[in-house]
Amino acid sequence: MNSTGNRRKTRTVKVGTLEIGGQAPVSIQSMTNTDTTDAAATLEQIKLLAENGCELIRVAVPNFEAADALKVITSRSPLPVIADIHFDYKLALAAMDNGICKVRINPGNIGGYKKFMEIARKAADLGLAMRIGVNSGSLERKWYDLYKHSPSEALVNSVFGFVESLEKINYQNFVVSIKDSDVLKTINANRLFAVQTEYPLHLGITEAGPLETGMIKGAIGIGTLLAEGIGDTIRVSLTASPVEEIKIAKKILQALKLRRFNAELISCPTCGRCQVDLVSLSNEVESILEHYDLPLTVAVMGCAVNGPGEAREADIGVCAGQKKGLLFKKGKVIKRVNLDQLLNVLSLELEKERIDHKKGAGKDY
Ligand code: SF4
């Protein structure tokens, strides 16, 4: 197991200005759920996702009107745009003329070898990236029997067939995804692929479900692989707003110390000693911390007697009694204030930390 160093060695794939694999940090992507032919609405959503930390955006291209709308979308998008194509290879060819950086297909459902290779040749000629995806839903018929007994092997064998075809034309600017709605099958298949090649992996759990279920499946499936050093770009698929996908992806990467987006919050689970609404308090602190990209751990604890001691590993902490609140650092109380002042003193302390950090006095992961 490793959570920070020792990421699997992978090739660098260029997607517009962004790199996936190699030395690049694990990137976060999502997919718009607007009608792609409505370029204005799609761009608005892309901008919102970019503001929240999305780094690559995929848009569905189900018809030629959508492929055409890509001209406007790609010319104004703040993020590299990936065209998501199913079944009709001509849509992929059209999308590639309209400013995209990467095309995502499942070769198993694109209409056969010749059509797959026509897309790949055009991507190679234009210097575009591809993602080739394999999942149980798009698996070629010849692997059905193997899938029943050894799903990971079937998925990986299938993807290797496509990889070899791309290597024959000397095209290697692609990322692979091997997904299943079953978390364990996804983990096993990605492990099997990862030990045999250096192609970057896009991680995700397909059809993961609504917010809570999808978040848990994503955290377990994607998180397990990332903790083992496997994975170069991620999408947390949810039946929910794509903004939620970004928030959760960031939390997964931060929990594994692969990226840092803001100061880390820890909060106690509360017990019978807690005399305040700690759920609201910790939510408020979490919102404040979103504005502080500092290498700090901040604790929110539910009682003054045990809180500072229980959270002595935290750099800064607050704990709340019935009327008074405490601000502490490394377990030592440094201020006692009225409860309604607690968030203010915490914000002031964070500002001080920000200034110290800018001066180079802070620590880093
Ligand atoms: Fe209970 Fe206090 Fe510990 Fe929170 S900090 S779990 S309220 S003892």
# chains A, B, ... in the order shown; residues from 1 in each chain; ligands from 1
call {"tool": "residues_near_ligand", "arguments": {"ligand": "ligand 1", "cutoff": "7 Å", "atoms": "only C-alpha atoms and all ligand atoms", "output": "list in words"}}
result
Cys268, Pro269, Thr270, Cys271, Gly272, Arg273, Cys274, Met301, Gly302, Cys303, Ala304, Val305, Asn306, Gly307 and Glu310 of chain A
call {"tool": "write_last_selection", "arguments": {"atoms": "C-alpha atoms", "output": "PDB file, in the first residue's frame"}}
result
ATOM      1  CA  CYS A 268     -15.738  14.653  16.762  1.00  0.00           C
ATOM      2  CA  PRO A 269     -18.706  12.312  16.344  1.00  0.00           C
ATOM      3  CA  THR A 270     -20.366  13.933  19.416  1.00  0.00           C
ATOM      4  CA  CYS A 271     -21.670  12.047  22.421  1.00  0.00           C
ATOM      5  CA  GLY A 272     -23.839  12.730  25.463  1.00  0.00           C
ATOM      6  CA  ARG A 273     -21.346  15.379  26.665  1.00  0.00           C
ATOM      7  CA  CYS A 274     -21.967  17.628  23.673  1.00  0.00           C
ATOM      8  CA  MET A 301     -14.929  19.307  19.001  1.00  0.00           C
ATOM      9  CA  GLY A 302     -18.123  19.022  20.983  1.00  0.00           C
ATOM     10  CA  CYS A 303     -17.035  19.699  24.566  1.00  0.00           C
ATOM     11  CA  ALA A 304     -14.477  21.805  26.347  1.00  0.00           C
ATOM     12  CA  VAL A 305     -13.415  19.112  28.831  1.00  0.00           C
ATOM     13  CA  ASN A 306     -12.262  16.451  26.388  1.00  0.00           C
ATOM     14  CA  GLY A 307     -12.070  18.316  23.065  1.00  0.00           C
ATOM     15  CA  GLU A 310      -8.779  14.412  22.001  1.00  0.00           C
TER      16      GLU A 310
END
call {"tool": "select_by_dssp", "arguments": {"residues": "stretch 35-233 of chain A", "states": "strand (DSSP E or B)", "output": "VMD selection string"}}
result
chain A and resid 56 to 60 81 to 84 102 to 105 129 to 135 174 to 179 201 to 203 210 233
call {"tool": "write_last_selection", "arguments": {"atoms": "N, CA and C atoms", "output": "compact mmCIF listing (two decimals), in the first residue's frame"}}
result
# COMPACT_ATOMS: atom_id res chain seq x y z
N LEU A 56 -11.03 18.82 -16.33
CA LEU A 56 -11.27 18.28 -17.67
C LEU A 56 -12.77 18.03 -17.77
N ILE A 57 -13.36 18.37 -18.90
CA ILE A 57 -14.81 18.19 -18.96
C ILE A 57 -15.21 17.34 -20.16
N ARG A 58 -16.14 16.44 -19.92
CA ARG A 58 -16.64 15.57 -20.99
C ARG A 58 -18.07 15.98 -21.32
N VAL A 59 -18.36 16.04 -22.59
CA VAL A 59 -19.73 16.36 -23.00
C VAL A 59 -20.25 15.25 -23.91
N ALA A 60 -21.52 14.97 -23.77
CA ALA A 60 -22.14 13.92 -24.59
C ALA A 60 -22.34 14.45 -26.00
N VAL A 81 -11.90 20.02 -23.49
CA VAL A 81 -13.19 19.34 -23.70
C VAL A 81 -12.97 17.95 -24.31
N ILE A 82 -13.68 16.99 -23.74
CA ILE A 82 -13.64 15.60 -24.23
C ILE A 82 -15.01 15.30 -24.84
N ALA A 83 -15.02 14.74 -26.04
CA ALA A 83 -16.29 14.34 -26.65
C ALA A 83 -16.59 12.89 -26.27
N ASP A 84 -17.78 12.68 -25.79
CA ASP A 84 -18.21 11.35 -25.36
C ASP A 84 -19.09 10.74 -26.46
N LYS A 102 -9.85 15.59 -26.73
CA LYS A 102 -9.80 14.14 -26.48
C LYS A 102 -11.16 13.55 -26.87
N VAL A 103 -11.11 12.33 -27.38
CA VAL A 103 -12.37 11.66 -27.69
C VAL A 103 -12.46 10.40 -26.85
N ARG A 104 -13.63 10.21 -26.28
CA ARG A 104 -13.83 9.03 -25.42
C ARG A 104 -14.80 8.09 -26.13
N ILE A 105 -14.32 6.88 -26.38
CA ILE A 105 -15.20 5.86 -26.97
C ILE A 105 -15.03 4.56 -26.20
N ALA A 129 -5.96 13.33 -27.97
CA ALA A 129 -5.92 12.18 -27.07
C ALA A 129 -7.20 11.35 -27.22
N MET A 130 -7.12 10.12 -26.75
CA MET A 130 -8.32 9.27 -26.71
C MET A 130 -8.44 8.65 -25.33
N ARG A 131 -9.66 8.34 -24.96
CA ARG A 131 -9.84 7.40 -23.86
C ARG A 131 -10.54 6.19 -24.43
N ILE A 132 -9.94 5.04 -24.26
CA ILE A 132 -10.63 3.82 -24.70
C ILE A 132 -11.14 3.12 -23.45
N GLY A 133 -12.44 2.91 -23.47
CA GLY A 133 -13.08 2.36 -22.29
C GLY A 133 -13.64 0.98 -22.54
N VAL A 134 -13.53 0.18 -21.51
CA VAL A 134 -14.15 -1.15 -21.55
C VAL A 134 -14.99 -1.29 -20.29
N ASN A 135 -16.21 -1.71 -20.46
CA ASN A 135 -17.03 -2.05 -19.29
C ASN A 135 -17.93 -3.23 -19.65
N PHE A 174 -3.14 7.85 -25.39
CA PHE A 174 -4.47 7.47 -24.91
C PHE A 174 -4.45 7.02 -23.46
N VAL A 175 -5.62 7.15 -22.87
CA VAL A 175 -5.87 6.73 -21.49
C VAL A 175 -6.84 5.57 -21.56
N VAL A 176 -6.74 4.67 -20.61
CA VAL A 176 -7.62 3.50 -20.59
C VAL A 176 -8.56 3.59 -19.40
N SER A 177 -9.80 3.16 -19.60
CA SER A 177 -10.67 2.99 -18.43
C SER A 177 -11.29 1.61 -18.46
N ILE A 178 -11.29 0.98 -17.31
CA ILE A 178 -11.90 -0.34 -17.18
C ILE A 178 -12.87 -0.24 -16.01
N LYS A 179 -14.13 -0.27 -16.33
CA LYS A 179 -15.13 0.01 -15.28
C LYS A 179 -16.18 -1.07 -15.20
N LEU A 201 -4.42 5.36 -16.39
CA LEU A 201 -5.78 4.86 -16.13
C LEU A 201 -6.70 5.96 -15.66
N HIS A 202 -7.87 5.97 -16.26
CA HIS A 202 -8.98 6.81 -15.79
C HIS A 202 -9.80 5.92 -14.86
N LEU A 203 -9.98 6.37 -13.63
CA LEU A 203 -10.71 5.55 -12.67
C LEU A 203 -12.13 6.06 -12.45
N PRO A 210 -27.11 7.17 -6.77
CA PRO A 210 -27.32 8.54 -6.27
C PRO A 210 -26.27 8.95 -5.25
N THR A 233 -6.36 9.86 -13.53
CA THR A 233 -7.43 10.85 -13.59
C THR A 233 -8.69 10.15 -13.09
call {"tool": "residues_around", "arguments": {"residues": "A:Ala255", "least_positions_apart": "4", "cutoff": "10 Å", "atoms": "only C-alpha atoms", "output": "list of chain:residue names"}}
result
A:Ser3, A:Ala219, A:Gly223, A:Ala227, A:Ala249, A:Lys250, A:Lys251, A:Arg259, A:Arg260, A:Glu264
call {"tool": "residues_around", "arguments": {"residues": "stretch 22-27 of chain A", "least_positions_apart": "6", "cutoff": "7 Å", "atoms": "only C-alpha atoms", "output": "list in words"}}
result
Lys9, Thr10, Arg11, Thr12, Glu55, Asp232, Thr233 and Ile234 of chain A
call {"tool": "closest_residue", "arguments": {"among": "A:Gly127, A:Gly53, A:Gly137, A:Gly161", "to": "A:Lys14", "atoms": "only C-alpha atoms"}}
result
A:Gly127
call {"tool": "residues_around", "arguments": {"residues": "A:Ile316", "least_positions_apart": "2", "cutoff": "8 Å", "atoms": "only C-alpha atoms", "output": "list in words"}}
result
Leu296, Thr297, Val298, Ala299, Ala314, Val318, Leu327, Phe328, Lys329 and Lys330 of chain A
call {"tool": "write_last_selection", "arguments": {"atoms": "N, CA and C atoms", "output": "CSV table (one decimal), in the first residue's frame"}}
result
chain,number,residue,atom,x,y,z
A,296,LEU,N,-2.9,22.6,7.0
A,296,LEU,CA,-3.3,22.6,8.4
A,296,LEU,C,-4.4,21.6,8.6
A,297,THR,N,-4.5,21.1,9.9
A,297,THR,CA,-5.6,20.3,10.3
A,297,THR,C,-6.4,21.1,11.3
A,298,VAL,N,-7.7,21.3,11.1
A,298,VAL,CA,-8.5,22.1,12.0
A,298,VAL,C,-9.6,21.2,12.6
A,299,ALA,N,-9.7,21.2,13.9
A,299,ALA,CA,-10.6,20.3,14.6
A,299,ALA,C,-11.8,21.1,15.1
A,314,ALA,N,-4.4,18.1,16.1
A,314,ALA,CA,-4.8,19.1,15.1
A,314,ALA,C,-4.0,20.4,15.3
A,318,VAL,N,-11.4,24.2,17.6
A,318,VAL,CA,-12.4,24.9,18.4
A,318,VAL,C,-13.2,23.9,19.1
A,327,LEU,N,-10.6,28.2,21.7
A,327,LEU,CA,-9.8,28.1,20.5
A,327,LEU,C,-8.5,27.4,21.1
A,328,PHE,N,-8.0,26.4,20.4
A,328,PHE,CA,-6.8,25.7,20.9
A,328,PHE,C,-5.9,25.4,19.8
A,329,LYS,N,-4.6,25.3,20.1
A,329,LYS,CA,-3.6,24.9,19.2
A,329,LYS,C,-2.8,23.8,19.7
A,330,LYS,N,-2.7,22.7,18.9
A,330,LYS,CA,-1.9,21.5,19.4
A,330,LYS,C,-2.4,21.1,20.8
call {"tool": "select_by_dssp", "arguments": {"residues": "stretch 218-314 of chain A", "states": "alpha helix (DSSP H)", "output": "compact mmCIF listing (two decimals) with all heavy atoms, in the first residue's frame"}}
result
# COMPACT_ATOMS: atom_id res chain seq x y z
N GLY A 218 -17.68 5.19 -5.05
CA GLY A 218 -16.55 5.90 -5.65
C GLY A 218 -15.37 5.96 -4.70
O GLY A 218 -14.23 5.71 -5.08
N ALA A 219 -15.66 6.29 -3.44
CA ALA A 219 -14.56 6.43 -2.47
C ALA A 219 -13.85 5.09 -2.27
O ALA A 219 -12.62 5.04 -2.18
CB ALA A 219 -15.10 6.95 -1.15
N ILE A 220 -14.62 4.02 -2.23
CA ILE A 220 -13.99 2.71 -2.02
C ILE A 220 -13.26 2.25 -3.29
O ILE A 220 -12.09 1.86 -3.24
CB ILE A 220 -15.04 1.66 -1.59
CG1 ILE A 220 -15.62 2.03 -0.23
CG2 ILE A 220 -14.40 0.26 -1.54
CD1 ILE A 220 -16.79 1.17 0.20
N GLY A 221 -13.95 2.31 -4.41
CA GLY A 221 -13.36 1.80 -5.66
C GLY A 221 -12.17 2.63 -6.11
O GLY A 221 -11.06 2.12 -6.30
N ILE A 222 -12.41 3.93 -6.26
CA ILE A 222 -11.34 4.81 -6.73
C ILE A 222 -10.26 4.93 -5.65
O ILE A 222 -9.07 4.87 -5.93
CB ILE A 222 -11.93 6.21 -7.08
CG1 ILE A 222 -12.90 6.09 -8.24
CG2 ILE A 222 -10.82 7.21 -7.38
CD1 ILE A 222 -13.73 7.36 -8.49
N GLY A 223 -10.71 5.10 -4.39
CA GLY A 223 -9.76 5.31 -3.29
C GLY A 223 -8.84 4.13 -3.07
O GLY A 223 -7.64 4.30 -2.82
N THR A 224 -9.37 2.92 -3.18
CA THR A 224 -8.52 1.73 -2.99
C THR A 224 -7.40 1.70 -4.02
O THR A 224 -6.24 1.48 -3.70
CB THR A 224 -9.37 0.44 -3.11
OG1 THR A 224 -10.38 0.48 -2.10
CG2 THR A 224 -8.53 -0.82 -2.95
N LEU A 225 -7.77 1.96 -5.27
CA LEU A 225 -6.76 1.92 -6.34
C LEU A 225 -5.75 3.05 -6.18
O LEU A 225 -4.54 2.83 -6.29
CB LEU A 225 -7.45 1.98 -7.71
CG LEU A 225 -8.21 0.69 -8.07
CD1 LEU A 225 -9.21 0.93 -9.19
CD2 LEU A 225 -7.23 -0.42 -8.47
N LEU A 226 -6.24 4.24 -5.87
CA LEU A 226 -5.31 5.37 -5.70
C LEU A 226 -4.35 5.10 -4.54
O LEU A 226 -3.17 5.45 -4.61
CB LEU A 226 -6.09 6.66 -5.42
CG LEU A 226 -6.84 7.29 -6.60
CD1 LEU A 226 -7.66 8.48 -6.11
CD2 LEU A 226 -5.90 7.72 -7.72
N ALA A 227 -4.86 4.50 -3.48
CA ALA A 227 -4.00 4.21 -2.32
C ALA A 227 -2.90 3.22 -2.69
O ALA A 227 -1.86 3.16 -2.03
CB ALA A 227 -4.83 3.67 -1.17
N PRO A 242 -23.25 17.42 -11.15
CA PRO A 242 -21.82 17.18 -11.38
C PRO A 242 -20.93 17.97 -10.41
O PRO A 242 -19.79 17.59 -10.17
CB PRO A 242 -21.60 17.60 -12.83
CG PRO A 242 -22.85 18.20 -13.32
CD PRO A 242 -23.96 17.88 -12.36
N VAL A 243 -21.46 19.06 -9.85
CA VAL A 243 -20.67 19.80 -8.86
C VAL A 243 -20.34 18.90 -7.67
O VAL A 243 -19.24 18.94 -7.11
CB VAL A 243 -21.41 21.09 -8.39
CG1 VAL A 243 -20.67 21.76 -7.25
CG2 VAL A 243 -21.57 22.06 -9.56
N GLU A 244 -21.30 18.04 -7.30
CA GLU A 244 -21.05 17.09 -6.20
C GLU A 244 -19.93 16.12 -6.56
O GLU A 244 -19.13 15.71 -5.72
CB GLU A 244 -22.33 16.29 -5.86
CG GLU A 244 -23.49 17.13 -5.36
CD GLU A 244 -23.19 17.88 -4.07
OE1 GLU A 244 -22.35 17.41 -3.29
OE2 GLU A 244 -23.78 18.96 -3.87
N GLU A 245 -19.88 15.74 -7.85
CA GLU A 245 -18.81 14.83 -8.28
C GLU A 245 -17.43 15.45 -8.02
O GLU A 245 -16.51 14.77 -7.57
CB GLU A 245 -18.94 14.52 -9.78
CG GLU A 245 -20.23 13.82 -10.16
CD GLU A 245 -20.24 13.35 -11.61
OE1 GLU A 245 -19.37 13.74 -12.40
OE2 GLU A 245 -21.14 12.58 -11.94
N ILE A 246 -17.33 16.74 -8.31
CA ILE A 246 -16.05 17.43 -8.12
C ILE A 246 -15.70 17.52 -6.64
O ILE A 246 -14.56 17.26 -6.23
CB ILE A 246 -16.11 18.85 -8.73
CG1 ILE A 246 -16.47 18.79 -10.20
CG2 ILE A 246 -14.79 19.59 -8.52
CD1 ILE A 246 -15.55 17.97 -11.05
N LYS A 247 -16.70 17.90 -5.83
CA LYS A 247 -16.43 18.04 -4.38
C LYS A 247 -15.93 16.72 -3.81
O LYS A 247 -14.99 16.68 -3.02
CB LYS A 247 -17.72 18.44 -3.66
CG LYS A 247 -18.12 19.87 -3.88
CD LYS A 247 -19.34 20.17 -3.03
CE LYS A 247 -19.88 21.56 -3.29
NZ LYS A 247 -21.20 21.75 -2.69
N ILE A 248 -16.57 15.63 -4.20
CA ILE A 248 -16.19 14.33 -3.63
C ILE A 248 -14.83 13.87 -4.17
O ILE A 248 -14.00 13.34 -3.43
CB ILE A 248 -17.30 13.30 -3.87
CG1 ILE A 248 -18.53 13.74 -3.08
CG2 ILE A 248 -16.87 11.89 -3.47
CD1 ILE A 248 -19.82 13.17 -3.55
N ALA A 249 -14.61 14.11 -5.45
CA ALA A 249 -13.30 13.75 -6.03
C ALA A 249 -12.18 14.47 -5.27
O ALA A 249 -11.14 13.87 -4.95
CB ALA A 249 -13.27 14.12 -7.51
N LYS A 250 -12.39 15.75 -4.97
CA LYS A 250 -11.36 16.50 -4.23
C LYS A 250 -11.15 15.91 -2.84
O LYS A 250 -10.00 15.78 -2.37
CB LYS A 250 -11.78 17.98 -4.12
CG LYS A 250 -11.62 18.74 -5.43
CD LYS A 250 -12.41 20.01 -5.46
CE LYS A 250 -11.74 21.16 -4.78
NZ LYS A 250 -12.53 22.41 -4.91
N LYS A 251 -12.24 15.53 -2.21
CA LYS A 251 -12.11 14.95 -0.85
C LYS A 251 -11.35 13.61 -0.89
O LYS A 251 -10.56 13.31 0.00
CB LYS A 251 -13.49 14.76 -0.22
CG LYS A 251 -14.12 16.06 0.26
CD LYS A 251 -15.46 15.80 0.90
CE LYS A 251 -16.32 17.04 1.03
NZ LYS A 251 -15.81 18.07 1.90
N ILE A 252 -11.61 12.82 -1.93
CA ILE A 252 -10.90 11.53 -2.04
C ILE A 252 -9.39 11.78 -2.20
O ILE A 252 -8.56 11.19 -1.51
CB ILE A 252 -11.45 10.70 -3.24
CG1 ILE A 252 -12.88 10.22 -2.96
CG2 ILE A 252 -10.54 9.49 -3.52
CD1 ILE A 252 -13.57 9.59 -4.17
N LEU A 253 -9.05 12.70 -3.10
CA LEU A 253 -7.63 12.96 -3.36
C LEU A 253 -6.95 13.57 -2.14
O LEU A 253 -5.80 13.24 -1.82
CB LEU A 253 -7.47 13.89 -4.57
CG LEU A 253 -7.90 13.28 -5.91
CD1 LEU A 253 -7.81 14.32 -7.02
CD2 LEU A 253 -7.02 12.08 -6.27
N GLN A 254 -7.69 14.43 -1.43
CA GLN A 254 -7.09 15.06 -0.25
C GLN A 254 -6.94 14.05 0.89
O GLN A 254 -5.94 14.05 1.61
CB GLN A 254 -7.93 16.26 0.19
CG GLN A 254 -7.36 16.91 1.43
CD GLN A 254 -7.61 18.41 1.52
OE1 GLN A 254 -7.72 19.10 0.52
NE2 GLN A 254 -7.69 18.91 2.74
N ALA A 255 -7.94 13.18 1.05
CA ALA A 255 -7.86 12.18 2.13
C ALA A 255 -6.65 11.27 1.94
O ALA A 255 -6.05 10.81 2.91
CB ALA A 255 -9.14 11.35 2.17
N LEU A 278 -23.37 20.66 17.05
CA LEU A 278 -22.04 20.52 16.46
C LEU A 278 -22.10 20.23 14.95
O LEU A 278 -21.15 20.51 14.23
CB LEU A 278 -21.24 19.41 17.17
CG LEU A 278 -19.74 19.58 17.00
CD1 LEU A 278 -19.21 20.70 17.86
CD2 LEU A 278 -19.00 18.30 17.31
N VAL A 279 -23.21 19.68 14.51
CA VAL A 279 -23.35 19.40 13.07
C VAL A 279 -23.30 20.73 12.31
O VAL A 279 -22.53 20.89 11.35
CB VAL A 279 -24.68 18.65 12.78
CG1 VAL A 279 -24.87 18.46 11.29
CG2 VAL A 279 -24.69 17.31 13.50
N SER A 280 -24.10 21.71 12.77
CA SER A 280 -24.09 23.01 12.09
C SER A 280 -22.72 23.67 12.21
O SER A 280 -22.19 24.23 11.25
CB SER A 280 -25.14 23.95 12.70
OG SER A 280 -26.40 23.37 12.56
N LEU A 281 -22.15 23.59 13.42
CA LEU A 281 -20.85 24.24 13.63
C LEU A 281 -19.78 23.65 12.70
O LEU A 281 -19.01 24.37 12.05
CB LEU A 281 -20.42 24.10 15.09
CG LEU A 281 -19.12 24.81 15.47
CD1 LEU A 281 -19.26 26.32 15.34
CD2 LEU A 281 -18.68 24.45 16.89
N SER A 282 -19.75 22.32 12.59
CA SER A 282 -18.70 21.72 11.74
C SER A 282 -18.97 22.03 10.27
O SER A 282 -18.03 22.24 9.50
CB SER A 282 -18.54 20.23 12.00
OG SER A 282 -19.74 19.58 11.74
N ASN A 283 -20.24 22.12 9.88
CA ASN A 283 -20.54 22.51 8.48
C ASN A 283 -20.07 23.93 8.21
O ASN A 283 -19.52 24.23 7.14
CB ASN A 283 -22.05 22.41 8.19
CG ASN A 283 -22.48 20.96 8.03
OD1 ASN A 283 -21.67 20.10 7.72
ND2 ASN A 283 -23.75 20.70 8.25
N GLU A 284 -20.28 24.81 9.19
CA GLU A 284 -19.84 26.20 9.01
C GLU A 284 -18.32 26.28 8.90
O GLU A 284 -17.76 26.98 8.06
CB GLU A 284 -20.34 27.07 10.16
CG GLU A 284 -21.83 27.41 10.04
CD GLU A 284 -22.32 28.18 11.24
OE1 GLU A 284 -22.67 27.55 12.26
OE2 GLU A 284 -22.35 29.40 11.16
N VAL A 285 -17.64 25.52 9.76
CA VAL A 285 -16.17 25.54 9.71
C VAL A 285 -15.69 24.97 8.37
O VAL A 285 -14.77 25.50 7.74
CB VAL A 285 -15.56 24.77 10.90
CG1 VAL A 285 -14.05 24.63 10.75
CG2 VAL A 285 -15.89 25.47 12.22
N GLU A 286 -16.35 23.92 7.92
CA GLU A 286 -15.94 23.33 6.63
C GLU A 286 -16.07 24.37 5.51
O GLU A 286 -15.21 24.47 4.64
CB GLU A 286 -16.79 22.09 6.32
CG GLU A 286 -16.25 21.33 5.11
CD GLU A 286 -16.82 19.94 4.96
OE1 GLU A 286 -18.05 19.80 5.09
OE2 GLU A 286 -16.04 19.01 4.70
N SER A 287 -17.14 25.14 5.53
CA SER A 287 -17.30 26.19 4.50
C SER A 287 -16.20 27.23 4.60
O SER A 287 -15.67 27.69 3.58
CB SER A 287 -18.64 26.92 4.65
OG SER A 287 -19.68 26.02 4.58
N ILE A 288 -15.83 27.59 5.83
CA ILE A 288 -14.74 28.58 6.00
C ILE A 288 -13.44 28.00 5.43
O ILE A 288 -12.70 28.66 4.71
CB ILE A 288 -14.57 28.95 7.49
CG1 ILE A 288 -15.78 29.73 7.98
CG2 ILE A 288 -13.28 29.74 7.72
CD1 ILE A 288 -15.82 29.98 9.49
N LEU A 289 -13.18 26.73 5.74
CA LEU A 289 -11.90 26.13 5.32
C LEU A 289 -11.75 26.03 3.81
O LEU A 289 -10.64 25.96 3.30
CB LEU A 289 -11.74 24.75 5.96
CG LEU A 289 -11.63 24.72 7.49
CD1 LEU A 289 -11.29 23.33 7.97
CD2 LEU A 289 -10.58 25.71 7.98
N GLY A 307 -12.39 17.93 24.44
CA GLY A 307 -12.07 18.32 23.07
C GLY A 307 -10.61 18.59 22.79
O GLY A 307 -10.01 17.93 21.93
N PRO A 308 -9.97 19.55 23.50
CA PRO A 308 -8.58 19.89 23.17
C PRO A 308 -7.64 18.69 23.26
O PRO A 308 -6.76 18.52 22.42
CB PRO A 308 -8.22 20.96 24.22
CG PRO A 308 -9.53 21.57 24.60
CD PRO A 308 -10.52 20.43 24.55
N GLY A 309 -7.86 17.86 24.27
CA GLY A 309 -6.98 16.69 24.44
C GLY A 309 -7.21 15.67 23.34
O GLY A 309 -6.26 15.13 22.77
N GLU A 310 -8.48 15.43 23.02
CA GLU A 310 -8.78 14.41 22.00
C GLU A 310 -8.24 14.83 20.64
O GLU A 310 -7.92 13.99 19.81
CB GLU A 310 -10.30 14.19 21.91
CG GLU A 310 -10.85 13.33 23.04
CD GLU A 310 -12.34 13.04 22.89
OE1 GLU A 310 -12.88 13.15 21.78
OE2 GLU A 310 -12.97 12.71 23.92
call {"tool": "atom_distance", "arguments": {"atom1": "atom CA of A:Glu153", "atom2": "atom CA of A:Ile110"}}
result
21.5 Å
call {"tool": "residues_around", "arguments": {"residues": "A:Val276", "least_positions_apart": "5", "cutoff": "8 Å", "atoms": "only C-alpha atoms", "output": "PyMOL selection string"}}
result
chain A and resi 302+320-322
call {"tool": "atom_distance", "arguments": {"atom1": "atom CA of A:Asp315", "atom2": "atom CA of A:Gly331"}}
result
8.3 Å
